[in-house]
Structures are given as C-alpha cells and as structure tokens.
Amino acid sequence: MRQASTQQQLTADSAAKTSQQIAAELFPIEANTECKPSTGLISTDRGRTIDFHNHLPTEEALWNLLDSVPDPEVPAVSVVDLGIVRSIEYTQSEAGQDDTGQEAPGYWQISITPTYSGCPATELIENEIRGALQRSGVKNYAIQQQLSPSWTTDWITDKGREQLRKFGIAPPAGDSRKPGIAADIECPRCGSNHHKKISEFGSTACKALYQCEDCQEPFDYFKCI
Amino acid sequence: MTINMDTQSNSQSEALYDYLLRLGDSPLILGQRLCEWCGHAPALEEEIAIMNIGLDLIGQCRNWLELAAKTADNGQDADKLAFTRDAHQYRNLLIVEQPNGNFADTMARQYFYDAWHLFTLEALCNSNNRDIAEIAAKAVKEVRYHLRRSREWIIRLGDGTELSQQRMQQAIDDIWMYTGEMFEMDDIEKTLVQEGCAADQQQIKQRWLDEVAETLATATINHPDPDAYMQQGGKQGVHTEGLGFILAEMQFLQRAYPNATW
Ligand SMILES: [Zn+2]
C-alpha cells in the first residue's frame with residue numbers, strides 16, 4: 001500500500017473524505033472561526049436589542065432603530081445613511097388612531113422618499129421599516145411616502161459614504177449641483193483615479209460601472225443626482 | 001352661470017387628465033419596448049443599462065398615472081390605467097411604440113425621445129401645478145443620465161466603423177418622421193400652457209433642434225430634412241400597429257384574469 005502511486009493515494013483519500021472536508025481544503029477558512037453569524041449579517045437580526053415594548057421611544061432612539069434597517073439593494077448602508085428616511089415626528093392625533101388601527105393619543109409620523117422613480121425596492125423598504133418598528137414594540141406610527149424635495153445623493157451621510165467604499169462601491173464625487181469629474185472618482189479598492197467608464201448604468205439605476213486601470217477590478221460608482 | 005362654470009372646470013380637469021396620460025403613457029410604452037431587449041442586448045453591460053432606463057421610465061409613468069387617477073377621481077389607479085385601457089385610449093407619442101429594430105434603431109429612437117423628454121421635464125419643473133412640478137423634478141435628474149448615454153451611442157456608432165455609421169444613418173432617417181409630433185400642440189396643450197401648467201413645445205422645439213444638430217454633426221451623420229413629412233396622432237389616440245402588439249403582451253394577465261393580484 002505504501003508504494004501506491006500518488007494518483008491512487010489521492011483517489012483513495014478522496015473517497016474517504018466527506019465533501020465538506022474537500023471543500024475545506026479547497027477554500028480554507030482561518031482556524032477557530034466557528035460558523036456563527038456575525039452581527040448584522042441577517043437583516044432581521046439587526047436592531048433586535050432595541051426594545052420599546054410598553055414605553056414611548058424618544059425620537060433619537062427611533063433614528064437609531066431605523067439606522068439598523070439596511071437598504072435592500074446596498075445592505076452595507078442603512079436607510080437612514082442613504083437619506084431615505086426624511087423625518088420622524090410625533091404627532092398628537094385627535095382621531096386617536098394610527099395606521100395599525102390602534103387607539104393612541106398620538107403617533108410617530110415617519111416620512112420616507114424613494115431614491116429613483118422606478119426603484120423597485122420602495123415598497124420593500126417601507127415593509128422593512130414597518131417590520132423593524134413592530135419587532136421593537138413601537139405601536140403607533142404611520143409611514144408616508146414623500147416625493148418632494150426629490151432625493152439626492154447629497155443626503156448620503158459621511159458614515160454611509162465610508163460604508164459604500166468598504167462595500168466596494170465608489171461613493172458619489174462632488175455634489176448634485178456640481179457633480180465630480182472622472183478624476184474625482186476613486187477606485188474603492190486601491191484609491192486610484194485611473195479608470196474607465198464601462199457603462200452609464202451599473203447593477204442598479206443609481207450606479208455606473210467603471211473599471212480600475214491600476215488594480216483592474218471593475219467597480220460600481222454611485223452616481224451624483 | 002353655475003352650469004357654465006361647472007362645464008368649464010370639467011373640461012379643464014379633462015384636459016389636465018388627458019395631458020397627464022400623455023406624460024405617463026410615453027414612458028410606459030418606451031419602458032415596455034426597452035424590456036424586449038432583455039436577453040438580447042449586444043453586451044451584458046448594455047442590457048443592464050437598457051433595463052435600468054426602462055425601470056426609470058416605468059417608475060416615472062407610475063407617478064404620472066397615479067396623478068392622472070387622482071385628478072379624474074373615478075376609481076382608477078395607475079395599474080388600472082396601464083392594464084385596462086385599449087390602444088385608442090393611449091396618449092403616448094408614436095415614436096416610443098416603434099419597434100426596437102437593431103441596436104442603432106433603438107438608440108436613435110431613444111436619443112430623440114431623451115432630448116425631448118429632458119427639455120419637457122425641465123419646463124415642467126416650473127409648472128404652477130405643484131404635483132406636476134414635483135414629479136418632473138424627480139424625473140429630470142434620471143433623464144439627464146438617459147440622454148448622456150443615448151447621445152454617446154449616436155456619436156460612437158455614427159463616428160464609428162463604416163458599417164455602424166451606415167446603420168446609424170439609416171436608423172436616424174427611419175425614425176425621423178416620428179419626431180415632429182412631439183412639438184405639435186393641440187387645443188388641450190395650448191390651453192394648459194396658457195394656464196401655466198404644461199410645457200410649451202414651441203420653446204422646446206428650438207432647443208431640441210440645436211441639441212440634435214450638434215450631436216449629429218459630431219457623429220458625422222447627415223441631418224434629415226427638417227421640413228420632411230411628419231406622422232402624428234399618438235397624443236389623440238391614433239396609433240401605429242405596433243401599440244396593439246405591445247398592449248396585447250403587457251395587458252394579457254389583467255385581461256385573462258381581471259383584477260388578479262399577487
Ligand atoms: Zn483599483
């Protein structure tokens with residue numbers, strides 16, 4: 001057996017191994033990393049620790065809660081950091097009802113705005129926000145879509161821009177009044193500004209597709225609008 | 001007196017309703033046409049771009065048709081307007097229902113429409129109808145990118161290889177007779193322009209001609225005869241045969257299973 005050819009050994013080995021073992025050899029994972037979900041990986045787990053059952057949240061606490069709701073298409077960034085959530089206000093209501101049909105002296109009025117007219121995630125985002133509010137025990141709220149003033153990339157926060165970069169998307173250069181020129185756009189991987197535009201539209205309407213000429217990686221650029 | 005005033009305000013809101021259908025139907029039909037490229041575009045990047053532009057247009061259409069439904073207040077909504085009207089009730093421009101043809105045909109159609117669309121939306125941002133101005137202000141940012149892209153393609157294909165130049169010239173010549181209609185204003189538009197809520201196509205026409213002349217010159221494409229015969233009728237519901245086929249496909253589900261939801 002010991003003289004068996006390498007080829008045979010490999011075959012014999014393979015037969016004895018489970019597919020998981022083979023996969024582990026092909027794609028080695030660092031030692032001691034158990035397969036436990038990192039926080040924030042599963043969107044419904046985000047914001048779990050914020051609990052408003054039986055008490056009225058503050059406005060700031062609600063902003064923090066919604067900051068845990070990821071944008072469905074760019075999950076690295078929250079709907080707050082993308083500028084989709086426009087306002088959160090507590091409104092005293094005469095009628096004493098919110099949009100969940102519950103009796104209340106007042107309710108939280110949350111205004112959100114679509115990024116693009118045709119953004120297919122608009123309804124989904126509304127549902128994600130509703131879900132986050134419900135899971136945290138916020139009872140009285142109403143979500144309204146507002147079209148004006150129309151969404152602009154200027155509303156993406158600095159934190160959001162940094163998260164976009166880490167996610168591999170070049171954040172918008174310049175602002176909506178004076179969009180940056182090509183030289184202002186930096187490859188999110190190597191920081192180079194030598195690149196070429198592949199297409200005016202990337203994986204979604206809000207992005208253009210570029211390729212870095214230094215590291216050669218293609219990347220999405222979040223267009224200024 | 002009361003009856004006269006009512007009749008007048010009725011005809012005003014009917015005119016507005018008709019105008020909103022014009023604004024909404026063109027992006028809807030063009031968006032639908034563009035979707036036919038799904039799985040057939042010359043390159044993956046172009047396919048993605050075409051689908052994104054189609055999506056922008058359908059989103060804009062939804063905003064216009066929702067406003068139309070609100071204006072008419074007759075129990076309609078954007079979906080009902082899109083899926084249950086017949087061809088003669090559609091108010092889109094003839095240019096958007098023309099077949100995709102080859103990639104040059106699609107880009108020629110897109111470029112002429114994008115330029116008109118951008119200038120019209122810019123004018124509508126100043127509409128005294130707040131809802132119209134808000135929808136336009138949102139759409140205008142999106143359409144600026146549509147025009148940038150279609151203009152680049154006219155130039156790249158026109159000032160390209162011998163074959164691409166020939167194809168682009170043919171495409172421009174073929175679609176040209178559907179461009180005149182964009183600037184034809186009937187009584188409905190004239191009345192609404194006077195009221196300050198619609199876009200004055202007389203002013204837009206010159207901007208459009210300047211834009212097109214510059215791009216075609218850069219693209220080494222011969223400018224078609226500006227005084228050529230122009231097809232019209234789309235805004236009044238008289239369409240070419242293309243629209244019937246588009247609607248047959250687009251409306252199939254709601255026609256076969258009325259009020260189906262999922
Ligand atoms: Zn790079």
# chains A, B, ... in the order shown; residues from 1 in each chain; ligands from 1
>>> interface_residues(of="chain B", to="chain A", cutoff="7 Å", atoms="only C-alpha atoms", output="list of chain:residue names")
B:Glu45, B:Ile48, B:Ala49, B:Asn52, B:Leu55, B:Asp56, B:Leu57, B:Ile58, B:Gly59, B:Gln60, B:Glu134, B:Ala137, B:Lys138, B:Ala139, B:Lys141, B:Arg149
>>> residues_around(residues="Asp105 in chain B", least_positions_apart="3", cutoff="10 Å", atoms="only C-alpha atoms", output="PyMOL selection string")
chain B and resi 98-102+108-111+167-175
>>> residues_near_ligand(ligand="ligand 1", cutoff="7 Å", atoms="only C-alpha atoms and all ligand atoms", output="MDAnalysis selection string")
chainID A and resid 187:192 212:217
>>> atom_distance(atom1="CA of Glu214 in chain B", atom2="CA of Gly158 in chain B")
12.8 Å
>>> residues_around(residues="Arg161 in chain A", least_positions_apart="4", cutoff="9 Å", atoms="only C-alpha atoms", output="PyMOL selection string")
chain A and resi 77+81-82+156-157+165-166+169-172
>>> residues_around(residues="range 21-29 of chain B", least_positions_apart="2", cutoff="7 Å", atoms="only C-alpha atoms", output="list in words")
Tyr17, Asp18, Tyr19, Gly31, Gln32, Arg33, Leu57, Ile58, Cys61, Trp64, Leu65, Ala68, Tyr90, Arg91, Asn92, Leu93, Val96, Glu97 and Lys235 of chain B
>>> atom_distance(atom1="CA of Asp187 in chain B", atom2="CA of Pro224 in chain B")
28.5 Å
>>> select_by_dssp(residues="range 56-133 of chain A", states="strand (DSSP E or B)", output="list of chain:residue names")
A:Pro70, A:Ser78, A:Val85, A:Arg86, A:Ser87, A:Ile88, A:Glu89, A:Tyr90, A:Thr91, A:Gln92, A:Gln97, A:Glu103, A:Gly106, A:Tyr107, A:Trp108, A:Gln109, A:Ile110, A:Ser111, A:Ile112
>>> atom_distance(atom1="CA of Ala76 in chain A", atom2="CA of Val143 in chain B")
27.1 Å
>>> closest_residue(among="A:Ile112, A:Ala61, A:Ala121, A:Leu133", to="Gly83 in chain A", atoms="only C-alpha atoms")
A:Ile112
>>> select_by_dssp(residues="range 131-218 of chain A", states="helix (DSSP H, G or I)", output="list in words")
Gly131, Ala132, Leu133, Gln134, Arg135, Thr153, Asp154, Trp155, Asp158, Lys159, Gly160, Arg161, Glu162, Gln163, Leu164, Arg165, Lys166, Ala182, Ala183 and Asp184 of chain A
>>> write_last_selection(atoms="all heavy atoms", output="compact mmCIF listing (two decimals), in the first residue's frame")
# COMPACT_ATOMS: atom_id res chain seq x y z
N GLY A 131 -41.41 46.48 9.70
CA GLY A 131 -41.00 45.30 10.45
C GLY A 131 -40.11 45.65 11.63
O GLY A 131 -40.29 45.14 12.74
N ALA A 132 -39.16 46.55 11.41
CA ALA A 132 -38.23 46.95 12.48
C ALA A 132 -39.00 47.62 13.61
O ALA A 132 -38.73 47.37 14.79
CB ALA A 132 -37.16 47.88 11.93
N LEU A 133 -39.97 48.45 13.26
CA LEU A 133 -40.77 49.15 14.28
C LEU A 133 -41.57 48.14 15.09
O LEU A 133 -41.62 48.18 16.33
CB LEU A 133 -41.70 50.16 13.62
CG LEU A 133 -41.03 51.37 12.95
CD1 LEU A 133 -42.01 52.10 12.06
CD2 LEU A 133 -40.45 52.32 14.00
N GLN A 134 -42.18 47.20 14.38
CA GLN A 134 -43.02 46.21 15.06
C GLN A 134 -42.21 45.31 15.97
O GLN A 134 -42.59 45.05 17.11
CB GLN A 134 -43.81 45.38 14.04
CG GLN A 134 -44.98 46.14 13.46
CD GLN A 134 -45.60 45.46 12.26
OE1 GLN A 134 -45.10 44.44 11.77
NE2 GLN A 134 -46.70 46.01 11.76
N ARG A 135 -41.05 44.85 15.47
CA ARG A 135 -40.23 43.96 16.29
C ARG A 135 -39.75 44.64 17.56
O ARG A 135 -39.56 44.00 18.58
CB ARG A 135 -39.00 43.47 15.48
CG ARG A 135 -39.32 42.32 14.54
CD ARG A 135 -38.04 41.70 14.02
NE ARG A 135 -37.21 42.65 13.31
CZ ARG A 135 -37.37 42.97 12.03
NH1 ARG A 135 -38.35 42.41 11.34
NH2 ARG A 135 -36.57 43.83 11.45
N THR A 153 -28.20 62.41 -3.84
CA THR A 153 -27.08 61.71 -3.23
C THR A 153 -26.37 62.58 -2.18
O THR A 153 -25.60 62.07 -1.38
CB THR A 153 -26.05 61.26 -4.30
OG1 THR A 153 -25.90 62.31 -5.26
CG2 THR A 153 -26.49 60.02 -5.01
N ASP A 154 -26.67 63.89 -2.19
CA ASP A 154 -26.08 64.78 -1.18
C ASP A 154 -26.51 64.36 0.23
O ASP A 154 -25.86 64.72 1.21
CB ASP A 154 -26.51 66.24 -1.40
CG ASP A 154 -26.09 66.76 -2.77
OD1 ASP A 154 -25.29 66.08 -3.43
OD2 ASP A 154 -26.58 67.83 -3.17
N TRP A 155 -27.63 63.65 0.32
CA TRP A 155 -28.16 63.25 1.62
C TRP A 155 -27.47 62.01 2.19
O TRP A 155 -27.75 61.60 3.31
CB TRP A 155 -29.67 63.01 1.54
CG TRP A 155 -30.46 64.26 1.29
CD1 TRP A 155 -30.05 65.55 1.50
CD2 TRP A 155 -31.80 64.34 0.80
NE1 TRP A 155 -31.06 66.42 1.15
CE2 TRP A 155 -32.14 65.72 0.72
CE3 TRP A 155 -32.75 63.39 0.41
CZ2 TRP A 155 -33.39 66.16 0.28
CZ3 TRP A 155 -34.00 63.83 -0.02
CH2 TRP A 155 -34.32 65.20 -0.09
N ASP A 158 -21.76 60.88 5.81
CA ASP A 158 -20.34 60.54 5.72
C ASP A 158 -20.12 59.07 6.09
O ASP A 158 -19.33 58.37 5.47
CB ASP A 158 -19.51 61.44 6.64
CG ASP A 158 -19.43 62.86 6.09
OD1 ASP A 158 -19.73 63.04 4.88
OD2 ASP A 158 -19.09 63.78 6.86
N LYS A 159 -20.85 58.64 7.11
CA LYS A 159 -20.76 57.24 7.53
C LYS A 159 -21.21 56.34 6.36
O LYS A 159 -20.57 55.34 6.04
CB LYS A 159 -21.65 57.01 8.76
CG LYS A 159 -21.67 55.61 9.29
CD LYS A 159 -22.42 55.56 10.63
CE LYS A 159 -23.50 54.51 10.62
NZ LYS A 159 -24.81 54.86 11.04
N GLY A 160 -22.29 56.73 5.72
CA GLY A 160 -22.81 55.97 4.59
C GLY A 160 -21.80 55.89 3.46
O GLY A 160 -21.62 54.85 2.83
N ARG A 161 -21.13 57.01 3.20
CA ARG A 161 -20.13 57.03 2.12
C ARG A 161 -18.98 56.08 2.41
O ARG A 161 -18.48 55.37 1.54
CB ARG A 161 -19.59 58.46 1.93
CG ARG A 161 -20.56 59.34 1.17
CD ARG A 161 -20.31 60.82 1.38
NE ARG A 161 -21.54 61.55 1.09
CZ ARG A 161 -21.84 62.09 -0.09
NH1 ARG A 161 -20.98 62.02 -1.07
NH2 ARG A 161 -22.99 62.68 -0.29
N GLU A 162 -18.54 56.09 3.69
CA GLU A 162 -17.45 55.21 4.08
C GLU A 162 -17.87 53.74 3.95
O GLU A 162 -17.10 52.89 3.49
CB GLU A 162 -17.02 55.54 5.53
CG GLU A 162 -15.69 54.95 5.95
CD GLU A 162 -14.60 55.07 4.89
OE1 GLU A 162 -14.44 56.17 4.30
OE2 GLU A 162 -13.90 54.06 4.63
N GLN A 163 -19.14 53.47 4.32
CA GLN A 163 -19.62 52.08 4.21
C GLN A 163 -19.75 51.64 2.76
O GLN A 163 -19.48 50.49 2.42
CB GLN A 163 -20.96 51.95 4.95
CG GLN A 163 -20.78 51.92 6.46
CD GLN A 163 -22.06 52.19 7.20
OE1 GLN A 163 -22.95 52.87 6.69
NE2 GLN A 163 -22.18 51.68 8.41
N LEU A 164 -20.15 52.57 1.90
CA LEU A 164 -20.23 52.25 0.47
C LEU A 164 -18.85 51.85 -0.04
O LEU A 164 -18.68 50.84 -0.72
CB LEU A 164 -20.70 53.47 -0.33
CG LEU A 164 -22.20 53.78 -0.35
CD1 LEU A 164 -22.45 55.10 -1.08
CD2 LEU A 164 -22.99 52.67 -1.03
N ARG A 165 -17.83 52.65 0.33
CA ARG A 165 -16.47 52.39 -0.11
C ARG A 165 -16.00 51.01 0.33
O ARG A 165 -15.46 50.24 -0.44
CB ARG A 165 -15.54 53.48 0.45
CG ARG A 165 -14.29 53.71 -0.38
CD ARG A 165 -13.33 54.68 0.29
NE ARG A 165 -13.96 55.77 1.01
CZ ARG A 165 -14.27 56.96 0.48
NH1 ARG A 165 -14.01 57.19 -0.77
NH2 ARG A 165 -14.85 57.89 1.21
N LYS A 166 -16.27 50.70 1.62
CA LYS A 166 -15.85 49.39 2.14
C LYS A 166 -16.57 48.24 1.43
O LYS A 166 -16.05 47.15 1.31
CB LYS A 166 -16.14 49.31 3.65
CG LYS A 166 -15.09 50.01 4.48
CD LYS A 166 -15.30 49.73 5.95
CE LYS A 166 -14.40 50.59 6.80
NZ LYS A 166 -15.02 50.94 8.09
N ALA A 182 -14.46 62.78 -13.71
CA ALA A 182 -13.94 61.42 -13.60
C ALA A 182 -12.76 61.34 -12.64
O ALA A 182 -12.64 60.39 -11.86
CB ALA A 182 -13.55 60.91 -14.98
N ALA A 183 -11.88 62.36 -12.65
CA ALA A 183 -10.67 62.33 -11.81
C ALA A 183 -11.01 62.35 -10.32
O ALA A 183 -10.19 61.98 -9.48
CB ALA A 183 -9.77 63.51 -12.16
N ASP A 184 -12.24 62.79 -9.98
CA ASP A 184 -12.64 62.83 -8.57
C ASP A 184 -13.11 61.47 -8.06
O ASP A 184 -13.30 61.27 -6.87
CB ASP A 184 -13.78 63.83 -8.37
CG ASP A 184 -13.38 65.24 -8.79
OD1 ASP A 184 -12.19 65.57 -8.61
OD2 ASP A 184 -14.24 65.98 -9.29
>>> decode(residues="range 78-94 of chain B", atoms="all heavy atoms", output="short mmCIF file (atom, residue, chain, number, x, y, z; two decimals), in the first residue's frame")
data_model
loop_
_atom_site.label_atom_id
_atom_site.label_comp_id
_atom_site.auth_asym_id
_atom_site.auth_seq_id
_atom_site.Cartn_x
_atom_site.Cartn_y
_atom_site.Cartn_z
N ALA B 78 -53.11 53.69 -11.05
CA ALA B 78 -52.10 53.59 -12.11
C ALA B 78 -52.16 52.23 -12.82
O ALA B 78 -52.07 52.16 -14.04
CB ALA B 78 -50.70 53.83 -11.53
N ASP B 79 -52.34 51.16 -12.05
CA ASP B 79 -52.40 49.83 -12.66
C ASP B 79 -53.59 49.69 -13.60
O ASP B 79 -53.48 49.15 -14.70
CB ASP B 79 -52.48 48.75 -11.57
CG ASP B 79 -51.10 48.43 -11.00
OD1 ASP B 79 -50.10 48.80 -11.64
OD2 ASP B 79 -51.04 47.83 -9.91
N LYS B 80 -54.76 50.14 -13.13
CA LYS B 80 -55.95 50.02 -13.99
C LYS B 80 -55.77 50.81 -15.27
O LYS B 80 -56.13 50.34 -16.36
CB LYS B 80 -57.20 50.54 -13.23
CG LYS B 80 -57.72 49.56 -12.20
CD LYS B 80 -59.21 49.87 -11.91
CE LYS B 80 -59.75 48.91 -10.87
NZ LYS B 80 -59.94 49.56 -9.56
N LEU B 81 -55.19 52.00 -15.14
CA LEU B 81 -54.98 52.82 -16.34
C LEU B 81 -54.01 52.12 -17.29
O LEU B 81 -54.19 52.15 -18.51
CB LEU B 81 -54.45 54.20 -15.96
CG LEU B 81 -55.48 55.15 -15.34
CD1 LEU B 81 -54.81 56.43 -14.85
CD2 LEU B 81 -56.59 55.48 -16.34
N ALA B 82 -52.99 51.49 -16.76
CA ALA B 82 -52.00 50.85 -17.62
C ALA B 82 -52.55 49.57 -18.25
O ALA B 82 -52.32 49.30 -19.42
CB ALA B 82 -50.73 50.53 -16.83
N PHE B 83 -53.31 48.82 -17.47
CA PHE B 83 -53.66 47.46 -17.93
C PHE B 83 -55.05 47.31 -18.52
O PHE B 83 -55.37 46.25 -19.04
CB PHE B 83 -53.49 46.47 -16.77
CG PHE B 83 -52.05 46.32 -16.34
CD1 PHE B 83 -51.68 46.49 -15.02
CD2 PHE B 83 -51.07 46.02 -17.27
CE1 PHE B 83 -50.36 46.36 -14.62
CE2 PHE B 83 -49.74 45.90 -16.89
CZ PHE B 83 -49.38 46.07 -15.57
N THR B 84 -55.89 48.33 -18.42
CA THR B 84 -57.25 48.12 -18.94
C THR B 84 -57.67 49.11 -20.01
O THR B 84 -58.79 49.05 -20.50
CB THR B 84 -58.30 48.16 -17.80
OG1 THR B 84 -58.26 49.46 -17.19
CG2 THR B 84 -58.02 47.11 -16.74
N ARG B 85 -56.78 50.03 -20.38
CA ARG B 85 -57.16 50.91 -21.49
C ARG B 85 -56.77 50.26 -22.82
O ARG B 85 -55.77 49.56 -22.92
CB ARG B 85 -56.46 52.28 -21.36
CG ARG B 85 -57.19 53.24 -20.43
CD ARG B 85 -56.45 54.55 -20.32
NE ARG B 85 -55.08 54.31 -19.89
CZ ARG B 85 -54.03 55.02 -20.29
NH1 ARG B 85 -54.18 56.01 -21.13
NH2 ARG B 85 -52.83 54.73 -19.84
N ASP B 86 -57.58 50.53 -23.84
CA ASP B 86 -57.30 50.00 -25.16
C ASP B 86 -56.42 50.98 -25.94
O ASP B 86 -56.22 52.12 -25.48
CB ASP B 86 -58.62 49.74 -25.90
CG ASP B 86 -58.49 48.52 -26.81
OD1 ASP B 86 -57.34 48.17 -27.15
OD2 ASP B 86 -59.53 47.94 -27.17
N ALA B 87 -55.92 50.55 -27.09
CA ALA B 87 -54.95 51.36 -27.83
C ALA B 87 -55.45 52.78 -28.09
O ALA B 87 -54.71 53.75 -27.92
CB ALA B 87 -54.60 50.67 -29.14
N HIS B 88 -56.73 52.92 -28.48
CA HIS B 88 -57.20 54.27 -28.82
C HIS B 88 -57.30 55.18 -27.60
O HIS B 88 -57.47 56.38 -27.73
CB HIS B 88 -58.54 54.20 -29.55
CG HIS B 88 -59.67 53.75 -28.67
ND1 HIS B 88 -59.95 52.42 -28.43
CD2 HIS B 88 -60.59 54.46 -27.97
CE1 HIS B 88 -60.98 52.33 -27.61
NE2 HIS B 88 -61.38 53.54 -27.31
N GLN B 89 -57.21 54.59 -26.40
CA GLN B 89 -57.24 55.41 -25.19
C GLN B 89 -55.83 55.77 -24.72
O GLN B 89 -55.67 56.51 -23.76
CB GLN B 89 -57.98 54.66 -24.08
CG GLN B 89 -59.44 54.44 -24.41
CD GLN B 89 -60.08 53.41 -23.48
OE1 GLN B 89 -59.60 52.28 -23.35
NE2 GLN B 89 -61.16 53.81 -22.83
N TYR B 90 -54.84 55.23 -25.38
CA TYR B 90 -53.45 55.55 -25.05
C TYR B 90 -53.04 56.87 -25.72
O TYR B 90 -53.42 57.13 -26.85
CB TYR B 90 -52.51 54.41 -25.46
CG TYR B 90 -52.20 53.50 -24.28
CD1 TYR B 90 -53.11 52.55 -23.85
CD2 TYR B 90 -51.03 53.67 -23.56
CE1 TYR B 90 -52.86 51.76 -22.74
CE2 TYR B 90 -50.77 52.89 -22.45
CZ TYR B 90 -51.69 51.94 -22.04
OH TYR B 90 -51.42 51.17 -20.95
N ARG B 91 -52.26 57.67 -24.99
CA ARG B 91 -51.91 59.01 -25.45
C ARG B 91 -50.40 59.18 -25.68
O ARG B 91 -49.90 60.29 -25.70
CB ARG B 91 -52.39 60.05 -24.42
CG ARG B 91 -53.91 60.10 -24.25
CD ARG B 91 -54.55 60.78 -25.45
NE ARG B 91 -56.01 60.83 -25.35
CZ ARG B 91 -56.83 59.92 -25.89
NH1 ARG B 91 -56.34 58.90 -26.56
NH2 ARG B 91 -58.14 60.05 -25.77
N ASN B 92 -49.70 58.06 -25.81
CA ASN B 92 -48.24 58.15 -25.98
C ASN B 92 -47.87 58.64 -27.37
O ASN B 92 -48.65 58.54 -28.32
CB ASN B 92 -47.61 56.77 -25.75
CG ASN B 92 -48.13 55.74 -26.72
OD1 ASN B 92 -49.21 55.20 -26.52
ND2 ASN B 92 -47.38 55.48 -27.79
N LEU B 93 -46.65 59.16 -27.48
CA LEU B 93 -46.09 59.58 -28.76
C LEU B 93 -45.87 58.35 -29.64
O LEU B 93 -45.52 57.27 -29.14
CB LEU B 93 -44.74 60.28 -28.54
CG LEU B 93 -44.79 61.58 -27.74
CD1 LEU B 93 -43.39 61.95 -27.26
CD2 LEU B 93 -45.37 62.70 -28.59
N LEU B 94 -46.03 58.53 -30.95
CA LEU B 94 -45.84 57.41 -31.87
C LEU B 94 -44.40 56.89 -31.83
O LEU B 94 -44.16 55.70 -32.01
CB LEU B 94 -46.18 57.85 -33.30
CG LEU B 94 -47.63 58.30 -33.54
CD1 LEU B 94 -47.79 58.78 -34.98
CD2 LEU B 94 -48.61 57.16 -33.24
#
